[in-house]
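In what follows, a structure is listed as structure tokens, so that the remarks can point back to it.
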Amino acid sequence: MTRRFFLSALSALGLSSQSQTASAASAATTSPRTDALILSEADWKQRLTPAQYDVLRQAGTERPHSSALNAEKRAGTFVCAGCALPLFDANMKFESGTGWPSFFTSLPDAFATTTDFKMIVPRTEYHCARCGGHHGHVFNDGPRPTGKRYCNNGVALKFVAEKKA
């Protein structure tokens with residue numbers, strides 16, 4: 001389902017345009033955040049690189065093994081490239097062998113989820129809880145303690161290294 005189709009469906013239900021934008025942007029947030037970042041498509045295109053726009057706003061996927069963040073091993077925080085919301089602590093990262101940065105859990109309230117049927121088999125897609133940017137999919141084949149694998153597009157993330165005292 002495209003965002004445009006989703007907006008059309010919401011419009012048919014008679015929801016307000018602000019509600020439509022927030023719903024389409026988050027795609028799953030059940031209660032609006034007080035810090036939600038809602039921008040026009042033109043503003044998103046200006047704010048993001050073309051690759052970031054494709055992934056975050058169009059639910060694209062970057063090529064595997066293309067992100068420098070795959071090799072990131074320093075202490076710090078991975079934040080949303082669209083709005084800088086902290087999403088993952090570096091201690092949550094693990095090497096999954098998939099070619100995308102992978103994490104076994106996320107920071108509290110970082111994501112909203114939807115069910116994605118693009119590959120026919122249902123998958124859990126996750127989006128930034130603040131700006132609604134698409135980050136990737138979560139699978140049940142990760143390591144302990146959660147058994148989850150948040151398979152994240154590296155281009156949708158920025159890394160903020162921990163400052164040494």
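By order in the structure tokens, chains are A, B, ...; within a chain, residues start at 1; ligands start at 1, following the order shown.
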
**OP:** Enumerate, as a PyMOL selection string, the complete set of residues in range 65-163 of chain A that a backbone-based DSSP assignment places in strand (DSSP E or B).
**Re:** chain A and resi 76-80+86-89+93-94+102-103+111-116+123-128+134-139+149-152+157-161

Go ahead and write the residues just picked, C-alpha atoms, as a compact mmCIF listing (two decimals), in the first residue's frame.
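Saved the output as again-v1.txt:
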# COMPACT_ATOMS: atom_id res chain seq x y z
CA GLY A 76 27.18 6.04 21.07
CA THR A 77 23.64 6.33 19.78
CA PHE A 78 22.04 5.66 16.41
CA VAL A 79 19.47 8.37 15.66
CA CYS A 80 16.89 8.86 12.91
CA PRO A 86 17.45 8.44 19.41
CA LEU A 87 16.54 4.93 18.22
CA PHE A 88 19.26 2.50 19.28
CA ASP A 89 22.14 2.45 21.73
CA LYS A 93 23.88 -3.59 17.66
CA PHE A 94 25.04 -7.00 16.48
CA SER A 102 21.01 -4.89 12.91
CA PHE A 103 19.89 -4.43 16.49
CA PHE A 111 9.18 3.14 16.78
CA ALA A 112 5.67 2.46 15.60
CA THR A 113 4.96 -0.63 13.50
CA THR A 114 2.72 -1.74 10.65
CA THR A 115 2.28 -5.01 8.77
CA ASP A 116 3.88 -5.01 5.32
CA ARG A 123 6.46 -8.65 7.81
CA THR A 124 6.59 -6.14 10.65
CA GLU A 125 7.73 -2.79 9.27
CA TYR A 126 8.90 -0.17 11.73
CA HIS A 127 8.85 3.61 11.47
CA CYS A 128 10.33 6.44 13.51
CA HIS A 134 10.59 4.03 7.35
CA HIS A 135 13.63 2.31 8.85
CA GLY A 136 13.25 -1.39 8.09
CA HIS A 137 11.67 -4.60 9.32
CA VAL A 138 11.87 -6.53 12.57
CA PHE A 139 12.27 -10.31 12.46
CA ARG A 149 16.47 -8.52 14.65
CA TYR A 150 15.73 -4.92 13.76
CA CYS A 151 17.11 -4.88 10.22
CA ASN A 152 17.68 -1.17 9.58
CA LEU A 157 20.38 6.38 10.55
CA LYS A 158 23.03 8.77 11.79
CA PHE A 159 25.55 7.78 14.43
CA VAL A 160 26.33 10.09 17.34
CA ALA A 161 29.53 8.95 19.06

Original post:
Using only C-alpha atoms, which of the listed residues (A:Pro64, A:Gly132, A:Ala156, A:Pro122) sits closest to Ala36 in chain A?
Top reply: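 With only C-alpha atoms as the atom set, the closest residue is A:Gly132.
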
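In this model, the gap between CA of Val55 in chain A and CA of Glu95 in chain A comes to 21.3 Å.
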